[in-house]
Each structure stands twice: as structure tokens, then as C-alpha cells.
$ cat data-v1.cif   # mmCIF, C-alpha atoms
data_model
#
loop_
_atom_site.label_atom_id
_atom_site.label_comp_id
_atom_site.auth_asym_id
_atom_site.auth_seq_id
_atom_site.Cartn_x
_atom_site.Cartn_y
_atom_site.Cartn_z
CA MET A 1 72.11 151.77 13.52
CA SER A 2 70.93 153.44 16.71
CA PRO A 3 71.56 152.01 20.20
CA ALA A 4 67.85 151.22 20.48
CA GLU A 5 68.06 149.05 17.37
CA THR A 6 71.20 147.23 18.42
CA ALA A 7 71.06 144.15 20.63
CA VAL A 8 73.78 144.47 23.28
CA ASP A 9 74.60 142.71 26.50
CA ARG A 10 75.49 144.35 29.78
CA VAL A 11 79.21 144.95 30.33
CA ASP A 12 81.33 145.38 33.44
CA VAL A 13 83.55 148.06 31.92
CA VAL A 14 83.10 150.29 28.88
CA ALA A 15 85.89 152.50 27.57
CA VAL A 16 84.91 155.55 25.49
CA ALA A 17 87.11 157.80 23.35
CA PRO A 18 86.71 160.18 20.40
CA HIS A 19 88.73 158.25 17.80
CA PRO A 20 89.75 154.70 16.97
CA ASP A 21 93.30 154.28 18.40
CA ASP A 22 92.75 156.65 21.38
CA LEU A 23 91.82 153.79 23.71
CA GLU A 24 94.59 151.52 22.44
CA ILE A 25 97.20 154.19 23.16
CA THR A 26 95.89 155.33 26.57
CA CYS A 27 94.58 152.13 28.16
CA GLY A 28 94.83 149.25 25.69
CA GLY A 29 96.95 147.13 28.02
CA THR A 30 94.39 147.42 30.80
CA LEU A 31 91.48 146.57 28.51
CA ALA A 32 93.27 143.42 27.34
CA LEU A 33 94.08 142.55 30.96
CA LEU A 34 90.47 143.02 32.08
CA VAL A 35 89.34 140.57 29.41
CA LYS A 36 91.90 138.01 30.58
CA GLN A 37 90.67 138.51 34.15
CA GLY A 38 87.17 137.51 33.08
CA TYR A 39 85.42 140.88 32.95
CA LYS A 40 82.98 141.82 30.21
CA VAL A 41 84.56 144.75 28.39
CA GLY A 42 83.21 147.08 25.71
CA MET A 43 84.72 149.86 23.60
CA LEU A 44 82.87 152.86 22.17
CA ASP A 45 84.44 155.11 19.54
CA LEU A 46 82.57 158.41 19.49
CA THR A 47 83.56 159.05 15.85
CA THR A 48 84.98 157.10 12.91
CA GLY A 49 88.15 159.15 13.09
CA GLU A 50 87.61 160.30 9.51
CA PRO A 51 88.36 162.40 7.59
CA THR A 52 92.14 162.21 7.97
CA PRO A 53 94.93 162.75 5.44
CA ARG A 54 95.73 159.03 5.43
CA GLY A 55 92.54 157.01 5.89
CA THR A 56 89.06 156.23 4.65
CA LEU A 57 85.90 155.20 6.45
CA GLU A 58 86.31 151.62 5.24
CA ILE A 59 89.98 151.38 6.18
CA ARG A 60 89.48 152.87 9.65
CA ALA A 61 86.59 150.49 10.37
CA LEU A 62 88.72 147.50 9.39
CA GLU A 63 91.62 148.76 11.51
CA ALA A 64 89.40 149.31 14.55
CA GLU A 65 88.04 145.78 14.20
CA ALA A 66 91.53 144.33 13.89
CA ALA A 67 92.61 146.25 17.00
CA ARG A 68 89.56 144.97 18.89
CA GLN A 69 90.55 141.43 18.04
CA ALA A 70 94.16 142.07 19.05
CA LEU A 71 93.02 143.21 22.50
CA GLY A 72 90.50 140.38 22.79
CA VAL A 73 87.66 142.78 23.60
CA PRO A 74 84.35 141.19 22.56
CA PHE A 75 82.34 144.37 21.94
CA ARG A 76 83.14 147.54 20.01
CA ARG A 77 80.84 150.05 18.37
CA CYS A 78 81.13 153.46 16.71
CA VAL A 79 78.64 155.93 18.20
CA GLY A 80 78.60 157.85 14.92
CA LEU A 81 79.25 161.43 16.05
CA PRO A 82 81.18 163.75 13.70
CA ASN A 83 84.97 163.84 13.77
CA ARG A 84 86.83 167.18 13.93
CA VAL A 85 83.74 169.01 15.17
CA LEU A 86 82.89 166.74 18.11
CA MET A 87 81.22 168.78 20.84
CA ASP A 88 79.74 168.23 24.27
CA SER A 89 76.20 169.17 23.27
CA PRO A 90 72.81 168.11 24.68
CA GLU A 91 72.04 166.06 21.57
CA ASN A 92 75.33 164.16 21.79
CA ARG A 93 74.78 163.62 25.52
CA PHE A 94 71.47 161.92 24.77
CA ILE A 95 73.12 159.59 22.24
CA LEU A 96 76.00 158.52 24.49
CA ALA A 97 73.81 158.28 27.60
CA THR A 98 71.55 155.88 25.68
CA TRP A 99 74.56 153.62 25.18
CA PHE A 100 75.29 153.77 28.91
CA ARG A 101 71.68 152.85 29.69
CA ARG A 102 71.85 149.85 27.38
CA LEU A 103 75.31 148.60 28.38
CA MET A 104 74.83 149.35 32.12
CA PRO A 105 78.56 149.34 32.93
CA ALA A 106 79.84 149.42 36.49
CA ILE A 107 82.84 151.43 35.27
CA VAL A 108 83.27 153.92 32.45
CA ILE A 109 86.82 154.72 31.34
CA CYS A 110 87.63 157.75 29.21
CA PRO A 111 90.84 159.53 28.15
CA ALA A 112 91.18 162.88 29.90
CA GLY A 113 93.00 166.14 29.42
CA ARG A 114 93.49 169.01 26.98
CA THR A 115 95.65 168.32 23.95
CA PRO A 116 96.15 171.65 22.13
CA ALA A 117 98.86 170.15 19.91
CA ALA A 118 96.43 167.41 18.87
CA SER A 119 92.69 167.13 18.24
CA PRO A 120 90.31 169.29 20.32
CA ASP A 121 87.96 166.30 20.10
CA HIS A 122 89.92 164.72 22.95
CA TYR A 123 88.86 167.22 25.61
CA GLN A 124 85.34 167.51 24.22
CA GLY A 125 85.13 163.71 24.47
CA GLN A 126 85.98 163.85 28.17
CA LEU A 127 83.34 166.51 28.81
CA LEU A 128 80.80 164.53 26.81
CA VAL A 129 81.45 161.33 28.78
CA GLU A 130 81.12 163.16 32.09
CA ALA A 131 77.85 164.78 31.05
CA ALA A 132 76.40 161.62 29.48
CA ARG A 133 77.15 159.71 32.65
CA PHE A 134 74.97 162.19 34.53
CA TYR A 135 72.28 162.24 31.84
CA SER A 136 72.08 158.44 31.92
CA GLN A 137 70.41 158.53 35.35
CA LEU A 138 67.84 161.23 34.62
CA THR A 139 64.19 160.29 35.06
CA LYS A 140 61.09 161.50 33.17
CA TRP A 141 63.13 161.90 29.98
CA ASP A 142 63.08 158.36 28.56
CA ASP A 143 61.83 159.62 25.19
CA ARG A 144 65.19 161.35 24.72
CA PHE A 145 67.04 158.07 25.33
CA ALA A 146 65.27 155.79 22.84
CA GLY A 147 62.87 154.57 25.52
CA THR A 148 65.61 153.09 27.70
CA PRO A 149 65.20 153.25 31.48
CA PRO A 150 67.48 155.39 33.67
CA TYR A 151 70.77 153.89 34.77
CA ARG A 152 73.34 155.29 37.21
CA VAL A 153 76.96 154.54 36.25
CA PRO A 154 78.69 153.91 39.61
CA HIS A 155 82.28 154.78 38.66
CA LEU A 156 84.11 157.02 36.21
CA VAL A 157 87.83 156.47 35.63
CA TYR A 158 90.13 158.76 33.67
CA ALA A 159 92.97 157.54 31.46
CA PRO A 160 95.03 160.77 31.40
CA PHE A 161 96.68 161.79 28.15
CA PRO A 162 100.45 161.84 28.77
CA PHE A 163 100.65 165.07 26.73
CA ASP A 164 97.97 166.97 28.65
CA ALA A 165 98.58 170.72 28.53
CA GLU A 166 97.84 171.05 32.24
CA VAL A 167 99.27 169.44 35.37
CA ARG A 168 96.31 167.81 37.11
CA GLN A 169 95.83 167.26 40.79
CA TYR A 170 93.30 164.42 40.79
CA PRO A 171 91.72 163.26 44.08
CA ALA A 172 93.25 159.84 43.46
CA SER A 173 95.41 158.02 40.92
CA PHE A 174 96.69 154.49 40.46
CA VAL A 175 98.75 152.40 38.05
CA VAL A 176 97.70 149.08 36.51
CA ASP A 177 100.44 146.52 35.80
CA VAL A 178 100.21 145.85 32.06
CA THR A 179 103.50 144.01 31.71
CA SER A 180 101.72 140.87 30.53
CA THR A 181 99.66 142.73 27.92
CA PHE A 182 102.02 145.48 26.76
CA GLU A 183 102.95 143.72 23.51
CA GLN A 184 99.27 143.00 22.92
CA LYS A 185 98.63 146.73 23.29
CA MET A 186 101.36 147.56 20.77
CA GLU A 187 99.95 144.99 18.35
CA ALA A 188 96.58 146.74 18.58
CA ILE A 189 98.15 150.16 17.90
CA ARG A 190 100.04 148.71 14.93
CA CYS A 191 96.68 147.74 13.41
CA TYR A 192 96.18 151.41 12.50
CA ALA A 193 98.58 151.26 9.58
CA SER A 194 96.81 154.13 7.80
CA GLN A 195 97.75 156.42 10.69
CA PHE A 196 101.07 154.90 11.70
CA ASP A 197 103.45 153.82 8.97
CA GLU A 198 106.62 152.07 10.11
CA ALA A 199 108.52 155.28 10.83
CA ARG A 200 105.62 156.85 12.70
CA PHE A 201 104.84 153.65 14.56
CA ALA A 202 108.44 153.49 15.78
CA LYS A 203 108.01 156.96 17.31
CA VAL A 204 104.67 156.00 18.84
CA ARG A 205 106.12 152.82 20.33
CA HIS A 206 109.03 154.80 21.78
CA PHE A 207 106.71 157.40 23.32
CA VAL A 208 104.03 155.02 24.57
CA GLY A 209 106.57 152.50 25.82
CA GLY A 210 108.55 155.17 27.65
CA ASN A 211 105.40 156.53 29.27
CA ASN A 212 104.28 153.05 30.37
CA ILE A 213 107.75 152.25 31.70
CA ALA A 214 107.81 155.49 33.70
CA ALA A 215 104.32 154.91 35.12
CA GLY A 216 104.94 151.25 35.87
CA GLY A 217 108.38 151.77 37.38
CA ARG A 218 106.93 153.85 40.19
CA CYS A 219 105.10 150.74 41.40
CA GLY A 220 107.77 148.17 40.53
CA PHE A 221 106.14 147.10 37.25
CA ALA A 222 107.99 146.80 33.95
CA TYR A 223 105.04 148.51 32.23
CA GLY A 224 102.07 150.32 33.74
CA GLU A 225 99.13 152.46 32.70
CA LEU A 226 98.15 155.46 34.81
CA PHE A 227 94.54 156.10 35.78
CA ALA A 228 92.86 158.78 37.87
CA LEU A 229 89.55 159.25 39.64
CA PRO A 230 87.32 162.27 40.23
CA THR A 231 86.92 160.92 43.79
CA VAL A 232 89.27 159.39 46.34
CA ILE A 233 89.82 155.62 46.15
CA GLY A 234 87.71 153.57 48.55
CA ALA A 235 88.83 150.22 49.92
CA SER A 236 87.63 147.56 52.33
CA ASP A 237 91.03 145.85 52.50
CA LEU A 238 94.02 148.13 53.18
CA HIS A 239 96.51 145.29 52.80
CA SER A 240 95.34 144.28 49.33
CA LEU A 241 95.19 147.89 48.18
CA VAL A 242 98.71 148.76 49.34
CA MET A 243 100.26 145.47 48.23
CA GLY A 244 99.03 145.94 44.65
CA GLY A 245 102.35 147.61 43.88
CA LYS A 246 105.46 145.45 43.79
CA ALA A 247 108.02 147.93 45.07
CA THR A 248 109.50 151.35 44.43
CA ALA A 249 111.25 152.15 41.18
CA ALA A 250 114.68 151.52 42.70
CA PRO A 251 114.16 149.30 45.78
CA VAL A 252 117.03 148.98 48.21
CA SER A 253 118.37 145.43 48.49
CA LEU A 254 119.66 144.18 51.83
CA PRO A 255 123.24 142.86 52.01
CA GLY A 256 123.41 139.36 50.60
CA GLN A 257 119.94 139.55 49.12
CA PRO A 258 119.02 140.26 45.48
CA ALA A 259 116.98 143.31 44.63
CA PRO A 260 113.30 142.62 43.92
CA PRO A 261 112.81 142.07 40.17
CA LEU A 262 110.88 144.49 38.02
CA GLU A 263 107.79 142.49 37.09
#

$ encode --input "data-v1.cif" --output "C-alpha cells"
Amino acid sequence: MSPAETAVDRVDVVAVAPHPDDLEITCGGTLALLVKQGYKVGMLDLTTGEPTPRGTLEIRALEAEAARQALGVPFRRCVGLPNRVLMDSPENRFILATWFRRLMPAIVICPAGRTPAASPDHYQGQLLVEAARFYSQLTKWDDRFAGTPPYRVPHLVYAPFPFDAEVRQYPASFVVDVTSTFEQKMEAIRCYASQFDEARFAKVRHFVGGNNIAAGGRCGFAYGELFALPTVIGASDLHSLVMGGKATAAPVSLPGQPAPPLE
């Protein structure tokens, strides 16, 4: 079913990734937290994730739905682009931009980085999201976007792959405290049993948990997810911005006083 044929409501945040499980691994804790904070959240999978050695179209769809429920996200759709040969092409830009025009998110989140040891779809997905965000605002081209009117997405946020082949110097980065939703995130990842049997899931939990501990610890959180921006962070309240972090990874305690807890 095309975006034009699908009734959707406007969302505050939409997260977009090439395959089911990409979003759960990179930013699942934050998506679950946003829902708990009252924001309208959507998820878009660019492909079904199939074919793979371990899954089927039916199994992957059921797993993605179970993961959606585990995170509490009310809206998830598969865009329907081809797995393994996903490309940032004009035709695919039109399709994804149509979704942006219909959902009208204030924020788009996408995984970012090159993963030469994993699927090349990951980097193509980032390029596609960036281009579709621009295409979404173009005028005099509505026929290429299923008759939807232009929409400008205000903010793009990257969820960097922890195994990116390059060291990035983003204009800005920040960490979200996902301590309260970390287990919810792991429950969502576990839903993909076709991709992660018990032995493989144990490795994924170790890797993802270690990465979230390292990111969170820098801000005094037990678990955190790292995000980056293509622009510097703007703020109208310096105090609130700075005080978002709890402390350093190893805060110094004054004599007679306990060290601040890792929260």
C-alpha cells in the first residue's frame, strides 16, 4: 500500500532505518522513552530485511510488530524498498519524502555511518534520508509525491553506528539517558529471534550494553544512547541544557560525602 493510500496521523518524531532491528539496536531506548514522555513516535523500515539466511517475509514482519509493541511505539510501517540493493536514488527519494510529507515530523532520526563489515544498505539509508528530507520541501513537484503538499522537516538527528568505519567530527553530539528503558530496548531486540538465536543474542546484548554503558557513563547515566547533529545544538536555557547530564563518569566525592550515584 502506498503512502497516499494509507491513513496516517502526524507524528512528533519518526525514526527511519534500512532494516527491522536497526532502530532497536541504535536508538530503541530513546524511542521507548519518547513514547513514555508523551510524544507521538513513528518508525519506518525502508526494507523488509529479507532475504536473509535465517528469516522469511512473514517471520520478519511478525518480529518487527512484536518489537514495535515492546517499545510501545504506536506507528510502524515498511516503506517497501528492496533489501541488499537499497540505493539513494531519485525514485526512492520520492517514496520516502512522501512519507515525510504525510507524517510531518518535527524530528527525523536515522542511523548514520559506513559499515563495511555489515550491510551497505546502512550508509545508503543515511544518504536516502538526508536527500528525502530535502526533497520533502520541494515545490511544483507534487505529482512526484502522490499529490501531497511540500513539508520542511525542521530537524535531522543521527544515531551513529558504534561500528562506523570512520571517526566522525559532528558539529554537535549528545547522549540520552535510557537507563529506564534499556531492558525494554533489549526485549525489542530479542523479538528478532530469526536473526538472533540465544548465542547470538548474548553477543548482541554484550556489545549493545557495553556501548550504551560507555556512552551513558560519560554523562553519569547507567545507560545512554549517543546522537549527533549536522548542525550545532541550539538552546534558550543554558542551565537546563548543561544540567541534563548527571555528572562525569567518575565524579570526585568530597570528604565525608558519598559519590553521586550512577543513574

$ atom_distance --input "data-v1.cif" --atom1 "atom CA of A:Asp164" --atom2 "atom CA of A:Pro18"
15.5 Å

$ closest_residue --input "data-v1.cif" --among "A:His239, A:Arg93, A:Pro258, A:Phe196" --to "A:Pro53" --atoms "all atoms listed in the file"
A:Phe196

$ atom_distance --input "data-v1.cif" --atom1 "atom CA of A:Val153" --atom2 "atom CA of A:Ala106"
5.9 Å

$ residues_around --input "data-v1.cif" --residues "A:Thr48" --least-positions-apart "5" --cutoff "10 Å" --atoms "all atoms listed in the file" --output "PyMOL selection string"
chain A and resi 18-20+56-58+60-61+64+77-83

$ closest_residue --input "data-v1.cif" --among "A:Ile213, A:Ser180, A:Val16, A:Pro154" --to "A:Leu127" --atoms "all atoms listed in the file"
A:Val16

$ resolve_selection --input "data-v1.cif" --expression "the PyMOL selection byres ((chain A and resi 226) around 6)" --output "list in words"
Phe174, Val175, Glu225 and Phe227 of chain A

$ atom_distance --input "data-v1.cif" --atom1 "atom CA of A:Thr148" --atom2 "atom CA of A:Pro230"
26.7 Å

$ resolve_selection --input "data-v1.cif" --expression "the PyMOL selection byres ((chain A and resi 101) around 9)" --output "CSV table (one decimal) with C-alpha atoms, in the frame of the given file"
chain,number,residue,atom,x,y,z
A,96,LEU,CA,76.0,158.5,24.5
A,97,ALA,CA,73.8,158.3,27.6
A,98,THR,CA,71.6,155.9,25.7
A,99,TRP,CA,74.6,153.6,25.2
A,100,PHE,CA,75.3,153.8,28.9
A,102,ARG,CA,71.8,149.8,27.4
A,103,LEU,CA,75.3,148.6,28.4
A,104,MET,CA,74.8,149.4,32.1
A,105,PRO,CA,78.6,149.3,32.9
A,136,SER,CA,72.1,158.4,31.9
A,137,GLN,CA,70.4,158.5,35.4
A,145,PHE,CA,67.0,158.1,25.3
A,148,THR,CA,65.6,153.1,27.7
A,149,PRO,CA,65.2,153.2,31.5
A,150,PRO,CA,67.5,155.4,33.7
A,151,TYR,CA,70.8,153.9,34.8
A,152,ARG,CA,73.3,155.3,37.2
A,153,VAL,CA,77.0,154.5,36.2

$ closest_residue --input "data-v1.cif" --among "A:Leu86, A:Val13, A:Val204, A:Val157" --to "A:Tyr170" --atoms "all atoms listed in the file"
A:Val157

$ closest_residue --input "data-v1.cif" --among "A:Thr179, A:Asn92, A:Ser119, A:Thr248" --to "A:Arg133" --atoms "all atoms listed in the file"
A:Asn92

$ closest_residue --input "data-v1.cif" --among "A:Ile233, A:Leu46, A:Ala172, A:Leu254" --to "A:His122" --atoms "all atoms listed in the file"
A:Leu46

$ resolve_selection --input "data-v1.cif" --expression "the PyMOL selection byres ((chain A and resi 66) around 12)" --output "PyMOL selection string"
chain A and resi 20-21+24+59-65+67-74+76+184+187-193

$ write_last_selection --input "data-v1.cif" --atoms "C-alpha atoms" --output "PDB file, keeping the file's coordinate frame"
ATOM      1  CA  PRO A  20      89.750 154.700  16.970  1.00  0.00           C
ATOM      2  CA  ASP A  21      93.300 154.280  18.400  1.00  0.00           C
ATOM      3  CA  GLU A  24      94.590 151.520  22.440  1.00  0.00           C
ATOM      4  CA  ILE A  59      89.980 151.380   6.180  1.00  0.00           C
ATOM      5  CA  ARG A  60      89.480 152.870   9.650  1.00  0.00           C
ATOM      6  CA  ALA A  61      86.590 150.490  10.370  1.00  0.00           C
ATOM      7  CA  LEU A  62      88.720 147.500   9.390  1.00  0.00           C
ATOM      8  CA  GLU A  63      91.620 148.760  11.510  1.00  0.00           C
ATOM      9  CA  ALA A  64      89.400 149.310  14.550  1.00  0.00           C
ATOM     10  CA  GLU A  65      88.040 145.780  14.200  1.00  0.00           C
ATOM     11  CA  ALA A  67      92.610 146.250  17.000  1.00  0.00           C
ATOM     12  CA  ARG A  68      89.560 144.970  18.890  1.00  0.00           C
ATOM     13  CA  GLN A  69      90.550 141.430  18.040  1.00  0.00           C
ATOM     14  CA  ALA A  70      94.160 142.070  19.050  1.00  0.00           C
ATOM     15  CA  LEU A  71      93.020 143.210  22.500  1.00  0.00           C
ATOM     16  CA  GLY A  72      90.500 140.380  22.790  1.00  0.00           C
ATOM     17  CA  VAL A  73      87.660 142.780  23.600  1.00  0.00           C
ATOM     18  CA  PRO A  74      84.350 141.190  22.560  1.00  0.00           C
ATOM     19  CA  ARG A  76      83.140 147.540  20.010  1.00  0.00           C
ATOM     20  CA  GLN A 184      99.270 143.000  22.920  1.00  0.00           C
ATOM     21  CA  GLU A 187      99.950 144.990  18.350  1.00  0.00           C
ATOM     22  CA  ALA A 188      96.580 146.740  18.580  1.00  0.00           C
ATOM     23  CA  ILE A 189      98.150 150.160  17.900  1.00  0.00           C
ATOM     24  CA  ARG A 190     100.040 148.710  14.930  1.00  0.00           C
ATOM     25  CA  CYS A 191      96.680 147.740  13.410  1.00  0.00           C
ATOM     26  CA  TYR A 192      96.180 151.410  12.500  1.00  0.00           C
ATOM     27  CA  ALA A 193      98.580 151.260   9.580  1.00  0.00           C
TER      28      ALA A 193
END

$ closest_residue --input "data-v1.cif" --among "A:Glu50, A:Asp88, A:Ile25, A:Val35" --to "A:His206" --atoms "only C-alpha atoms"
A:Ile25
